[in-house]
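A.B. asks: My file is data.cif. It has mmCIF, C-alpha atoms:
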data_work
loop_
_atom_site.label_atom_id
_atom_site.label_comp_id
_atom_site.auth_asym_id
_atom_site.auth_seq_id
_atom_site.Cartn_x
_atom_site.Cartn_y
_atom_site.Cartn_z
CA MET Y 1 51.68 -24.42 -371.95
CA ALA Y 2 54.46 -26.83 -371.04
CA ARG Y 3 53.79 -30.52 -371.37
CA ILE Y 4 52.76 -31.85 -368.00
CA LEU Y 5 54.33 -35.15 -367.12
CA PRO Y 6 52.58 -37.23 -364.51
CA PHE Y 7 54.06 -37.56 -361.03
CA THR Y 8 56.16 -40.65 -360.57
CA THR Y 9 55.29 -40.84 -356.89
CA ASP Y 10 52.55 -39.58 -354.66
CA PRO Y 11 51.61 -36.12 -356.02
CA HIS Y 12 51.05 -34.68 -352.51
CA ARG Y 13 54.46 -35.78 -351.44
CA GLU Y 14 56.27 -34.57 -354.51
CA THR Y 15 54.49 -31.23 -354.31
CA ARG Y 16 55.41 -30.90 -350.66
CA ASP Y 17 59.02 -31.86 -351.36
CA LEU Y 18 59.43 -29.40 -354.22
CA MET Y 19 57.52 -26.49 -352.68
CA PRO Y 20 60.60 -24.62 -351.42
CA TRP Y 21 62.08 -24.44 -354.89
CA LEU Y 22 58.73 -23.50 -356.42
CA ILE Y 23 58.77 -20.51 -354.08
CA THR Y 24 62.28 -19.46 -355.08
CA GLY Y 25 61.71 -20.18 -358.77
CA ARG Y 26 64.37 -22.87 -358.99
CA LEU Y 27 62.36 -25.74 -360.46
CA GLU Y 28 62.72 -27.09 -363.97
CA PRO Y 29 59.81 -26.01 -366.20
CA GLU Y 30 58.32 -29.53 -366.21
CA GLU Y 31 58.52 -29.84 -362.45
CA GLN Y 32 57.01 -26.43 -361.99
CA ALA Y 33 54.11 -27.19 -364.34
CA ARG Y 34 53.42 -30.46 -362.55
CA VAL Y 35 53.50 -28.92 -359.10
CA GLU Y 36 51.33 -25.97 -360.13
CA ALA Y 37 48.79 -28.26 -361.73
CA HIS Y 38 48.54 -30.24 -358.52
CA LEU Y 39 48.31 -27.12 -356.38
CA ALA Y 40 45.43 -25.82 -358.48
CA ALA Y 41 43.47 -28.94 -357.61
CA CYS Y 42 44.57 -29.56 -354.03
CA GLU Y 43 43.43 -27.29 -351.25
CA GLU Y 44 45.54 -28.97 -348.61
CA CYS Y 45 48.76 -28.44 -350.57
CA SER Y 46 47.78 -24.82 -351.32
CA ARG Y 47 47.40 -24.12 -347.60
CA GLU Y 48 50.74 -25.75 -347.01
CA LEU Y 49 52.27 -23.53 -349.68
CA ALA Y 50 51.00 -20.37 -347.98
CA GLY Y 51 52.65 -21.39 -344.71
CA GLU Y 52 55.81 -22.31 -346.51
CA ARG Y 53 56.00 -18.92 -348.24
CA ALA Y 54 55.82 -17.24 -344.86
CA LEU Y 55 58.67 -19.35 -343.56
CA ALA Y 56 60.72 -18.75 -346.70
CA SER Y 57 60.45 -14.99 -346.48
CA GLU Y 58 61.31 -15.01 -342.77
CA VAL Y 59 64.43 -17.08 -343.33
CA ALA Y 60 65.48 -14.86 -346.21
CA GLU Y 61 65.10 -11.75 -344.09
CA LEU Y 62 66.94 -13.06 -341.05
CA PRO Y 63 69.63 -10.61 -340.03
CA ILE Y 64 72.73 -12.74 -339.76
CA ALA Y 65 75.75 -10.49 -339.67
CA THR Y 66 79.41 -10.91 -338.98
CA GLY Y 67 82.12 -8.44 -338.22
CA ILE Y 68 84.82 -9.88 -340.39
CA GLY Y 69 86.21 -8.69 -343.65
CA TRP Y 70 88.84 -8.09 -346.20
CA ALA Y 71 91.24 -6.53 -343.70
CA ALA Y 72 91.76 -9.91 -342.04
CA MET Y 73 92.42 -11.63 -345.34
CA ARG Y 74 94.78 -8.85 -346.36
CA ASP Y 75 96.67 -9.34 -343.10
CA ARG Y 76 97.01 -12.98 -343.92
CA LEU Y 77 98.38 -12.31 -347.39
CA ASP Y 78 100.72 -9.71 -345.97
CA THR Y 79 101.96 -12.12 -343.36
CA ALA Y 80 102.72 -14.60 -346.12
CA ALA Y 81 104.47 -11.95 -348.17
CA ARG Y 82 106.46 -10.74 -345.20
CA GLN Y 83 107.60 -14.24 -344.41
CA ALA Y 84 108.58 -14.75 -348.02
CA ALA Y 85 110.40 -11.42 -348.00
CA SER Y 86 112.59 -12.53 -345.14
CA ILE Y 87 113.92 -15.34 -347.31
CA PRO Y 88 117.09 -13.73 -348.81
CA ALA Y 89 116.57 -15.05 -352.33
CA ALA Y 90 112.96 -13.94 -352.62
CA PRO Y 91 112.22 -12.57 -356.08
CA PRO Y 92 111.05 -8.96 -356.47
CA PRO Y 93 107.38 -9.21 -357.43
CA GLY Y 94 105.18 -6.34 -358.50
CA ARG Y 95 103.45 -4.63 -355.64
CA ARG Y 96 100.01 -6.03 -356.32
CA ARG Y 97 101.06 -9.51 -357.37
CA PHE Y 98 101.98 -12.37 -355.12
CA THR Y 99 103.54 -15.62 -356.18
CA MET Y 100 102.20 -18.97 -355.16
CA ARG Y 101 105.30 -19.57 -353.13
CA GLN Y 102 104.93 -16.41 -351.13
CA ILE Y 103 101.31 -17.02 -350.39
CA GLY Y 104 101.93 -20.67 -349.73
CA THR Y 105 104.09 -20.03 -346.72
CA VAL Y 106 101.29 -18.73 -344.54
CA LEU Y 107 101.36 -19.97 -340.99
CA ALA Y 108 99.30 -17.70 -338.82
CA ALA Y 109 95.96 -16.50 -340.12
CA GLN Y 110 96.23 -13.12 -338.54
CA ALA Y 111 99.16 -11.61 -336.78
CA ALA Y 112 98.00 -9.48 -333.92
CA LEU Y 113 98.34 -5.86 -334.87
CA LEU Y 114 100.64 -5.08 -332.00
CA ALA Y 115 102.99 -7.92 -332.78
CA ALA Y 116 103.03 -6.87 -336.41
CA THR Y 117 103.87 -3.33 -335.42
CA VAL Y 118 106.83 -4.33 -333.36
CA THR Y 119 108.08 -6.57 -336.14
CA ILE Y 120 107.75 -3.83 -338.70
CA ALA Y 121 109.32 -1.24 -336.47
CA LEU Y 122 112.27 -3.44 -335.61
CA ARG Y 123 112.85 -4.27 -339.20
CA VAL Y 124 112.74 -0.70 -340.33
CA GLU Y 125 115.15 0.14 -337.56
CA ALA Y 126 117.84 -2.36 -338.44
CA PRO Y 127 117.86 -4.56 -341.52
CA MET Y 128 116.23 -2.31 -344.09
CA ALA Y 129 117.38 -4.73 -346.76
CA SER Y 130 114.55 -7.12 -345.97
CA TYR Y 131 112.14 -4.72 -347.69
CA HIS Y 132 114.14 -4.46 -350.84
CA ALA Y 133 113.22 -8.00 -351.66
CA LEU Y 134 109.70 -6.70 -352.28
CA GLY Y 135 110.95 -4.24 -354.83
CA SER Y 136 110.44 -1.04 -352.94
CA ALA Y 137 112.56 2.06 -353.55
CA PRO Y 138 116.18 2.19 -352.38
CA ALA Y 139 116.58 2.63 -348.69
CA ALA Y 140 115.95 6.14 -347.51
CA THR Y 141 117.05 7.44 -344.18
CA GLY Y 142 115.50 9.90 -341.80
CA GLY Y 143 112.22 8.18 -341.03
CA ASN Y 144 110.97 8.88 -337.53
CA ALA Y 145 107.41 7.56 -337.61
CA ILE Y 146 105.51 4.60 -338.97
CA VAL Y 147 101.92 4.79 -340.18
CA MET Y 148 99.43 2.25 -341.43
CA PHE Y 149 96.38 3.45 -343.29
CA ARG Y 150 93.10 1.60 -343.50
CA PRO Y 151 93.08 -0.76 -346.49
CA ASP Y 152 90.33 1.30 -348.07
CA ALA Y 153 91.96 4.68 -347.44
CA ARG Y 154 91.98 6.74 -350.60
CA GLU Y 155 95.10 8.23 -352.06
CA SER Y 156 93.56 11.67 -351.54
CA ASP Y 157 93.21 10.95 -347.80
CA ILE Y 158 96.82 9.92 -347.57
CA SER Y 159 98.21 12.97 -349.34
CA ARG Y 160 95.91 15.24 -347.30
CA LEU Y 161 97.26 13.74 -344.08
CA LEU Y 162 100.87 14.01 -345.22
CA LYS Y 163 100.45 17.66 -346.21
CA ALA Y 164 98.52 18.61 -343.09
CA ASN Y 165 101.27 17.23 -340.88
CA ASP Y 166 104.19 18.42 -342.94
CA ALA Y 167 105.23 14.80 -343.31
CA ARG Y 168 107.60 13.41 -345.88
CA LEU Y 169 107.27 9.86 -347.15
CA VAL Y 170 110.57 8.08 -346.52
CA ASP Y 171 109.77 4.49 -347.33
CA GLY Y 172 106.91 2.15 -348.02
CA PRO Y 173 104.53 0.69 -348.52
CA THR Y 174 106.10 -2.25 -346.75
CA ALA Y 175 104.69 -5.73 -347.16
CA ALA Y 176 102.26 -4.96 -344.37
CA ASN Y 177 101.28 -1.71 -346.09
CA ALA Y 178 103.02 0.46 -343.53
CA TYR Y 179 104.70 3.72 -344.47
CA VAL Y 180 107.79 5.24 -342.92
CA LEU Y 181 107.42 8.98 -342.56
CA HIS Y 182 109.60 11.83 -341.52
CA LEU Y 183 107.76 14.29 -339.30
CA PRO Y 184 109.23 17.56 -338.09
CA GLU Y 185 110.91 16.70 -334.77
CA ALA Y 186 109.45 19.70 -332.99
CA GLY Y 187 105.82 18.73 -333.46
CA ARG Y 188 106.17 14.99 -333.90
CA THR Y 189 104.10 13.94 -330.90
CA GLN Y 190 101.25 16.28 -331.86
CA ALA Y 191 101.42 15.17 -335.48
CA LEU Y 192 101.19 11.53 -334.42
CA ASP Y 193 98.20 12.35 -332.26
CA ARG Y 194 96.51 14.02 -335.21
CA LEU Y 195 97.24 11.03 -337.42
CA ARG Y 196 95.90 8.60 -334.84
CA GLY Y 197 92.75 10.62 -334.62
CA ASP Y 198 92.05 10.33 -338.34
CA ALA Y 199 89.60 7.70 -339.52
CA ALA Y 200 91.90 6.68 -342.37
CA VAL Y 201 94.73 5.75 -340.01
CA VAL Y 202 95.01 2.35 -338.34
CA LEU Y 203 98.27 2.98 -336.55
CA ALA Y 204 100.75 5.82 -336.09
CA GLU Y 205 103.78 5.31 -333.89
CA PRO Y 206 107.10 7.07 -333.35
CA LEU Y 207 110.06 5.30 -334.85
CA ASP Y 208 113.33 5.54 -332.99
CA ALA Y 209 115.36 3.49 -330.58
CA ALA Y 210 113.79 5.10 -327.53
CA ALA Y 211 110.26 4.46 -328.69
CA LEU Y 212 110.92 0.77 -329.12
CA ARG Y 213 111.96 0.26 -325.54
CA MET K 214 84.06 0.19 -346.50
CA SER K 215 82.72 -1.48 -343.45
CA ASP K 216 84.19 -4.74 -342.36
CA GLY K 217 80.97 -5.69 -340.67
CA THR K 218 78.76 -7.15 -343.31
CA VAL K 219 75.16 -8.13 -343.47
CA ALA K 220 74.18 -10.28 -346.37
CA HIS K 221 71.06 -8.94 -348.00
CA ARG K 222 69.15 -11.13 -350.30
CA GLN K 223 68.63 -9.63 -353.70
CA THR K 224 66.25 -11.76 -355.64
CA GLY K 225 67.67 -12.86 -358.93
CA GLU K 226 71.26 -12.26 -357.96
CA ILE K 227 72.14 -14.43 -355.04
CA GLY K 228 72.10 -18.10 -355.81
CA ASN K 229 72.58 -17.50 -359.48
CA VAL K 230 75.93 -15.85 -359.55
CA ALA K 231 77.63 -17.48 -362.51
CA THR K 232 77.80 -14.06 -364.06
CA PRO K 233 80.34 -12.78 -366.55
CA GLU K 234 81.62 -10.56 -363.73
CA ASP K 235 82.27 -13.66 -361.62
CA LEU K 236 84.20 -15.33 -364.35
CA ARG K 237 86.12 -12.21 -365.30
CA LEU K 238 87.28 -11.79 -361.70
CA PHE K 239 88.13 -15.43 -361.45
CA ALA K 240 90.30 -15.19 -364.58
CA GLY K 241 92.16 -12.40 -362.79
CA VAL K 242 92.56 -14.59 -359.71
CA ARG K 243 94.12 -17.26 -361.88
CA ALA K 244 96.52 -14.65 -363.24
CA ARG K 245 97.51 -13.92 -359.61
CA GLU K 246 96.04 -10.42 -359.65
CA LEU K 247 95.42 -9.34 -356.09
CA ASP K 248 92.93 -6.67 -357.16
CA ALA K 249 90.77 -9.30 -358.84
CA PHE K 250 90.99 -11.50 -355.77
CA GLU K 251 89.95 -8.63 -353.55
CA ALA K 252 86.94 -7.93 -355.76
CA LEU K 253 85.96 -11.62 -355.78
CA TYR K 254 86.48 -11.73 -352.02
CA ARG K 255 84.16 -8.78 -351.54
CA LEU K 256 81.59 -10.33 -353.86
CA TYR K 257 81.49 -13.63 -351.99
CA HIS K 258 82.26 -12.54 -348.48
CA PRO K 259 78.77 -11.50 -347.35
CA ARG K 260 77.15 -14.64 -348.73
CA LEU K 261 79.77 -16.98 -347.32
CA ALA K 262 79.76 -15.19 -343.96
CA ARG K 263 76.01 -15.61 -343.74
CA PHE K 264 76.18 -19.22 -344.90
CA LEU K 265 78.91 -20.14 -342.43
CA LEU K 266 77.50 -18.26 -339.47
CA ASN K 267 74.20 -20.01 -339.98
CA LEU K 268 75.97 -23.34 -340.23
CA LEU K 269 78.60 -22.95 -337.50
CA HIS K 270 77.08 -20.46 -335.06
CA ARG K 271 80.53 -19.34 -333.93
CA PRO K 272 81.83 -16.03 -335.27
CA GLN K 273 85.44 -16.91 -334.48
CA LEU K 274 85.19 -20.15 -336.40
CA VAL K 275 83.35 -18.43 -339.24
CA GLU K 276 86.20 -16.05 -339.77
CA GLU K 277 88.72 -18.85 -339.84
CA VAL K 278 86.72 -21.08 -342.17
CA LEU K 279 85.75 -18.21 -344.45
CA ASN K 280 89.33 -17.09 -344.88
CA ASP K 281 90.49 -20.69 -345.30
CA THR K 282 87.89 -21.08 -348.03
CA LEU K 283 88.82 -17.98 -349.96
CA PHE K 284 92.47 -18.77 -349.48
CA VAL K 285 91.87 -22.09 -351.23
CA VAL K 286 90.09 -20.20 -354.01
CA TRP K 287 93.22 -18.08 -354.39
CA GLU K 288 95.70 -20.91 -354.07
CA ARG K 289 93.89 -23.65 -355.93
CA SER K 290 92.14 -21.63 -358.61
CA ASP K 291 93.67 -23.95 -361.20
CA THR K 292 91.55 -26.84 -359.90
CA PHE K 293 88.24 -25.21 -360.88
CA ARG K 294 87.38 -26.83 -364.20
CA GLY K 295 84.11 -25.10 -364.88
CA ALA K 296 82.09 -28.31 -364.51
CA SER K 297 79.84 -26.49 -362.06
CA LYS K 298 79.06 -22.85 -361.44
CA LEU K 299 81.82 -20.94 -359.73
CA SER K 300 79.51 -20.28 -356.76
CA THR K 301 78.84 -24.01 -356.38
CA TRP K 302 82.55 -24.73 -356.30
CA ILE K 303 83.23 -22.02 -353.72
CA PHE K 304 80.29 -22.97 -351.48
CA ALA K 305 81.32 -26.63 -351.67
CA ILE K 306 84.79 -25.72 -350.41
CA ALA K 307 83.24 -23.67 -347.61
CA TYR K 308 80.89 -26.49 -346.64
CA ARG K 309 83.67 -29.06 -346.53
CA LYS K 310 85.87 -26.79 -344.46
CA ALA K 311 83.03 -25.97 -342.08
CA MET K 312 82.15 -29.62 -341.51
CA LYS K 313 85.80 -30.38 -340.92
CA ALA K 314 85.99 -27.57 -338.37
CA LEU K 315 82.90 -28.92 -336.61
CA ARG K 316 84.36 -32.40 -336.45
CA ARG K 317 87.58 -30.96 -335.08
CA LEU K 318 85.65 -29.27 -332.30
CA ASP K 319 84.06 -32.61 -331.53
CA GLU K 320 81.28 -31.12 -329.50
CA PRO K 321 77.55 -30.82 -329.96
CA VAL K 322 76.82 -27.86 -332.17
CA GLU K 323 73.16 -27.32 -331.48
CA ASP K 324 71.81 -24.45 -329.54
CA HIS K 325 75.03 -23.42 -327.83
CA ASP K 326 73.75 -19.91 -327.15
CA ALA K 327 70.16 -20.72 -326.38
CA ASP K 328 70.60 -19.10 -323.00
CA MET K 329 71.27 -15.81 -324.70
CA ARG K 330 67.95 -15.84 -326.49
CA PRO K 331 64.49 -15.41 -325.10
CA SER K 332 62.93 -18.80 -324.62
CA ASP K 333 60.21 -19.52 -327.11
CA GLY K 334 57.97 -20.62 -324.30
CA ASP K 335 57.40 -17.28 -322.62
CA ALA K 336 54.46 -14.98 -323.07
CA PRO K 337 52.44 -17.25 -325.33
CA ASP K 338 49.56 -14.84 -325.41
CA ALA K 339 51.66 -11.85 -326.37
CA ARG K 340 51.27 -10.50 -329.84
CA LEU K 341 54.71 -11.09 -331.23
CA GLY K 342 56.52 -8.38 -333.02
CA ARG K 343 58.63 -8.96 -336.06
CA HIS K 344 61.80 -8.85 -334.05
CA ARG K 345 60.44 -11.44 -331.69
CA THR K 346 59.50 -13.67 -334.61
CA GLN K 347 63.01 -13.50 -335.91
CA GLU K 348 64.39 -14.37 -332.49
CA ALA K 349 62.11 -17.39 -332.39
CA LEU K 350 63.16 -18.44 -335.85
CA LEU K 351 66.85 -18.13 -334.98
CA ALA K 352 66.26 -20.23 -331.89
CA ALA K 353 64.39 -22.81 -333.96
CA LEU K 354 67.16 -22.91 -336.57
CA ALA K 355 69.71 -23.41 -333.83
CA LYS K 356 67.93 -26.59 -332.81
CA LEU K 357 68.33 -28.12 -336.25
CA SER K 358 71.36 -30.19 -337.21
CA PRO K 359 74.04 -28.33 -339.22
CA ASP K 360 73.04 -30.24 -342.35
CA HIS K 361 69.37 -29.33 -342.04
CA ARG K 362 70.23 -25.72 -341.31
CA THR K 363 72.48 -25.61 -344.33
CA VAL K 364 69.78 -26.86 -346.68
CA VAL K 365 67.28 -24.31 -345.36
CA ASP K 366 69.72 -21.41 -345.71
CA LEU K 367 70.98 -22.41 -349.16
CA THR K 368 67.38 -22.78 -350.36
CA TYR K 369 65.71 -19.73 -348.89
CA PHE K 370 68.48 -17.22 -348.49
CA HIS K 371 70.91 -18.15 -351.23
CA GLU K 372 68.07 -19.29 -353.49
CA MET K 373 69.86 -22.33 -354.80
CA GLY K 374 68.15 -25.24 -356.51
CA TYR K 375 68.23 -28.67 -354.93
CA ARG K 376 70.68 -29.98 -357.53
CA GLU K 377 73.19 -27.25 -356.73
CA ILE K 378 72.76 -27.89 -353.00
CA ALA K 379 73.36 -31.60 -353.58
CA ALA K 380 76.59 -30.72 -355.40
CA ILE K 381 77.73 -28.46 -352.56
CA MET K 382 76.92 -31.00 -349.86
CA ASP K 383 78.06 -33.92 -351.97
CA CYS K 384 74.91 -35.95 -351.42
CA PRO K 385 72.02 -37.31 -353.55
CA VAL K 386 69.28 -34.85 -354.57
CA ASP K 387 66.68 -36.91 -352.72
CA THR K 388 68.66 -36.41 -349.52
CA VAL K 389 68.43 -32.65 -350.03
CA LYS K 390 64.66 -32.84 -350.50
CA THR K 391 64.28 -35.05 -347.45
CA ARG K 392 66.46 -32.84 -345.27
CA MET K 393 64.53 -29.82 -346.41
CA PHE K 394 61.20 -31.47 -345.71
CA HIS K 395 62.17 -32.46 -342.18
CA ALA K 396 63.77 -29.09 -341.48
CA ARG K 397 60.66 -27.21 -342.62
CA ARG K 398 58.37 -29.38 -340.56
CA HIS K 399 60.59 -28.91 -337.56
CA LEU K 400 60.84 -25.15 -337.98
CA ARG K 401 57.14 -24.69 -338.48
CA ARG K 402 56.38 -26.77 -335.45
CA LEU K 403 58.84 -24.81 -333.31
CA MET K 404 57.57 -21.54 -334.68
CA ASP K 405 53.92 -22.53 -334.42
CA GLY K 406 52.14 -19.44 -333.12
CA ASP K 407 54.71 -17.03 -334.46
CA LEU K 408 54.20 -17.94 -338.06
CA ALA K 409 50.44 -18.13 -337.76
CA ASP K 410 50.39 -14.58 -336.40
CA TRP K 411 51.45 -12.94 -339.59
CA LEU K 412 49.98 -15.33 -342.09
#
Render the structure in this file as structure tokens.

C.D. replies:
Amino acid sequence: MARILPFTTDPHRETRDLMPWLITGRLEPEEQARVEAHLAACEECSRELAGERALASEVAELPIATGIGWAAMRDRLDTAARQAASIPAAPPPGRRRFTMRQIGTVLAAQAALLAATVTIALRVEAPMASYHALGSAPAATGGNAIVMFRPDARESDISRLLKANDARLVDGPTAANAYVLHLPEAGRTQALDRLRGDAAVVLAEPLDAAALR
Amino acid sequence: MSDGTVAHRQTGEIGNVATPEDLRLFAGVRARELDAFEALYRLYHPRLARFLLNLLHRPQLVEEVLNDTLFVVWERSDTFRGASKLSTWIFAIAYRKAMKALRRLDEPVEDHDADMRPSDGDAPDARLGRHRTQEALLAALAKLSPDHRTVVDLTYFHEMGYREIAAIMDCPVDTVKTRMFHARRHLRRLMDGDLADWL
């Protein structure tokens, strides 16, 4: 049995003050022994403890939920990386590593998806070089669609979708994790519809001058 | 993965998270590994979201403060010296950022959505269901000050000791005990019948 030190103040008050952490098991052994010894002898404090336990379990079970997640943070990192990539002298980092400088240039927490899309599309259309700063493969031509997969999409989902739609990967992932695809011209609209309908796809848009207007 | 998260309390895990896993991930964050940061993010996100939503009561603000907090963890990982638990350091950043956001709003934070909840005065003779009890408790929590609410949530949901809470809120331990005592008294008074029903 632990040595029981006497209360330095009013035992009722100290017991009442420490009760919450007795319930959650976060007291020091000496404190716990002291409080338990008092509780054993004090009916009033024991009743108080019962009520407090009820409150504690209710608070712990409260359903407090939010609808936010990693995707928003990833957007923010991507925005930072994209801004860094537009600086001509940006170094070519590994795909999954970001430098302090790149991350440090964040301005907006989350670019709206639509705005991001237009930015990506415009960039793919004209100055392809801006992506090379991120170390992606040499510029390929012939892309006619842009696709973004959910951040948690598995590689197997992506290859399944590419095969099913007879798509060829032309470029990507870009800083925003978008991929430039080539889809057969004949069935491009239908293929895009199929891609949009897939749970793993966030965005699938045609990529050509006409589509941007 | 679902982006909507509900923090579930798992006794023995939450509130005592200075695990080797924590520290291994954090070492990766220091080495600028995005995968490690994502894993740490996912580990802390539900707890911080719950903590901040309880404190701020504004989902939009929660998202901003939560991401600001974890962004600091990513950017300033070199400033964590290991003097406290990693969780204490991260929650302290979140708390500071949340209080700053509240000050920036410069508006009363209590009970802003009371109209959306059933009043705790209706149907006093009704046998209250569990859902109803939770509604009443949420309404009662909303009437507390942000500081009192924070102490209650850190104690009972995150299962932190009063010393750790004092470190997070940067105040004396006696202040934590006092805040907790007043918050409990207040909650139990506001809950009155509800709590008695299932005792």

A.B. asks: Just give me the gap between atom CA of K:His270 and atom CA of Y:Ala50 in Å, one decimal is fine.

C.D. replies: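 We find that atom CA of K:His270 and atom CA of Y:Ala50 lie 29.1 Å from each other.
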
A.B. asks: Between atom CA of K:His371 and atom CA of K:Met312, what is the distance in Å, rounded to a tenth?

C.D. replies: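 Here the two named atoms are 18.8 Å from each other.
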
A.B. asks: Give as a ChimeraX atom specification the set of residues within 10 Å of the point (46.4, -32.5, -352.6), where distances use the file's coordinates and only C-alpha atoms.

C.D. replies: /Y:10-13,15-16,38-48

A.B. asks: With C-alpha atoms retained, write the just-selected residues as an mmCIF file, keeping the file's coordinate frame.

C.D. replies:
data_model
loop_
_atom_site.group_PDB
_atom_site.id
_atom_site.type_symbol
_atom_site.label_atom_id
_atom_site.label_comp_id
_atom_site.auth_asym_id
_atom_site.auth_seq_id
_atom_site.Cartn_x
_atom_site.Cartn_y
_atom_site.Cartn_z
ATOM 1 C CA ASP Y 10 52.550 -39.580 -354.660
ATOM 2 C CA PRO Y 11 51.610 -36.120 -356.020
ATOM 3 C CA HIS Y 12 51.050 -34.680 -352.510
ATOM 4 C CA ARG Y 13 54.460 -35.780 -351.440
ATOM 5 C CA THR Y 15 54.490 -31.230 -354.310
ATOM 6 C CA ARG Y 16 55.410 -30.900 -350.660
ATOM 7 C CA HIS Y 38 48.540 -30.240 -358.520
ATOM 8 C CA LEU Y 39 48.310 -27.120 -356.380
ATOM 9 C CA ALA Y 40 45.430 -25.820 -358.480
ATOM 10 C CA ALA Y 41 43.470 -28.940 -357.610
ATOM 11 C CA CYS Y 42 44.570 -29.560 -354.030
ATOM 12 C CA GLU Y 43 43.430 -27.290 -351.250
ATOM 13 C CA GLU Y 44 45.540 -28.970 -348.610
ATOM 14 C CA CYS Y 45 48.760 -28.440 -350.570
ATOM 15 C CA SER Y 46 47.780 -24.820 -351.320
ATOM 16 C CA ARG Y 47 47.400 -24.120 -347.600
ATOM 17 C CA GLU Y 48 50.740 -25.750 -347.010
#

A.B. asks: What is the distance between atom CA of K:Val242 and atom CA of Y:Asn177, in Å to one decimal?

C.D. replies: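 So the two atoms, atom CA of K:Val242 and atom CA of Y:Asn177, lie 20.7 Å apart.
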
A.B. asks: Which polymer residues have any atom within 9 Å of an atom of K:Tyr369, counting only C-alpha atoms, with same-chain residues fewer than 3 positions away left out, as a list in words?

C.D. replies: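 Near K:Tyr369, the qualifying residues are Pro20, Trp21, Ile23, Thr24, Leu55, Ala56, Ser57, Glu58, Val59 and Ala60 of chain Y; Val364, Val365, Asp366, Glu372 and Met373 of chain K.
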
A.B. asks: Using only C-alpha atoms, which residue out of K:Phe370, K:Phe239, K:Phe304, K:Tyr375 lies closest to K:His258?

C.D. replies: K:Phe304

A.B. asks: Assuming the chain letters and numbering stay as they are in my file, what does the PyMOL selection byres ((chain Y and resi 144) around 9) actually select? List them as an NGL selection string.

C.D. replies: :Y and (142-143 or 145-146 or 180-185 or 188 or 205-208)

A.B. asks: Go ahead and write the residues just picked, C-alpha atoms, as a short mmCIF file (atom, residue, chain, number, x, y, z; two decimals), in the coordinates of the input.

C.D. replies:
data_model
loop_
_atom_site.label_atom_id
_atom_site.label_comp_id
_atom_site.auth_asym_id
_atom_site.auth_seq_id
_atom_site.Cartn_x
_atom_site.Cartn_y
_atom_site.Cartn_z
CA GLY Y 142 115.50 9.90 -341.80
CA GLY Y 143 112.22 8.18 -341.03
CA ALA Y 145 107.41 7.56 -337.61
CA ILE Y 146 105.51 4.60 -338.97
CA VAL Y 180 107.79 5.24 -342.92
CA LEU Y 181 107.42 8.98 -342.56
CA HIS Y 182 109.60 11.83 -341.52
CA LEU Y 183 107.76 14.29 -339.30
CA PRO Y 184 109.23 17.56 -338.09
CA GLU Y 185 110.91 16.70 -334.77
CA ARG Y 188 106.17 14.99 -333.90
CA GLU Y 205 103.78 5.31 -333.89
CA PRO Y 206 107.10 7.07 -333.35
CA LEU Y 207 110.06 5.30 -334.85
CA ASP Y 208 113.33 5.54 -332.99
#

A.B. asks: When the PyMOL selection byres ((chain Y and resi 150-160) around 7) is applied to the structure above, which residues does it catch, written out as JSON, numbers by chain?

C.D. replies: {"Y": [71, 148, 149, 161, 162, 163, 164, 200, 201, 202], "K": [214]}

A.B. asks: If the PyMOL selection byres ((chain K and resi 289) around 12) is run on the structure shown, which residues does it catch, given as an mmCIF file with C-alpha atoms, in the coordinates of the input?

C.D. replies:
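Output file expr.cif follows:
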data_model
loop_
_atom_site.group_PDB
_atom_site.id
_atom_site.type_symbol
_atom_site.label_atom_id
_atom_site.label_comp_id
_atom_site.auth_asym_id
_atom_site.auth_seq_id
_atom_site.Cartn_x
_atom_site.Cartn_y
_atom_site.Cartn_z
ATOM 1 C CA MET Y 100 102.200 -18.970 -355.160
ATOM 2 C CA ILE Y 103 101.310 -17.020 -350.390
ATOM 3 C CA GLY Y 104 101.930 -20.670 -349.730
ATOM 4 C CA PHE K 239 88.130 -15.430 -361.450
ATOM 5 C CA VAL K 242 92.560 -14.590 -359.710
ATOM 6 C CA ARG K 243 94.120 -17.260 -361.880
ATOM 7 C CA ALA K 244 96.520 -14.650 -363.240
ATOM 8 C CA ARG K 245 97.510 -13.920 -359.610
ATOM 9 C CA ASP K 281 90.490 -20.690 -345.300
ATOM 10 C CA THR K 282 87.890 -21.080 -348.030
ATOM 11 C CA LEU K 283 88.820 -17.980 -349.960
ATOM 12 C CA PHE K 284 92.470 -18.770 -349.480
ATOM 13 C CA VAL K 285 91.870 -22.090 -351.230
ATOM 14 C CA VAL K 286 90.090 -20.200 -354.010
ATOM 15 C CA TRP K 287 93.220 -18.080 -354.390
ATOM 16 C CA GLU K 288 95.700 -20.910 -354.070
ATOM 17 C CA SER K 290 92.140 -21.630 -358.610
ATOM 18 C CA ASP K 291 93.670 -23.950 -361.200
ATOM 19 C CA THR K 292 91.550 -26.840 -359.900
ATOM 20 C CA PHE K 293 88.240 -25.210 -360.880
ATOM 21 C CA ARG K 294 87.380 -26.830 -364.200
ATOM 22 C CA TRP K 302 82.550 -24.730 -356.300
ATOM 23 C CA ILE K 303 83.230 -22.020 -353.720
ATOM 24 C CA ILE K 306 84.790 -25.720 -350.410
#

A.B. asks: Rank Y:Ala186, Y:Ala199, Y:Val170, Y:Ala84 by their smallest atom-to-atom distance to chain K, using all atoms listed in the file, and report the top residue only.

C.D. replies: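 Under the stated criterion, the closest residue is Y:Ala199.
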
A.B. asks: Just checking: using all atoms listed in the file, which residue out of Y:Leu27, Y:Pro63, Y:Glu52, Y:Asn165 ends up closest to K:Leu351?

C.D. replies: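 Ranked by minimum distance to K:Leu351, first place goes to Y:Pro63.
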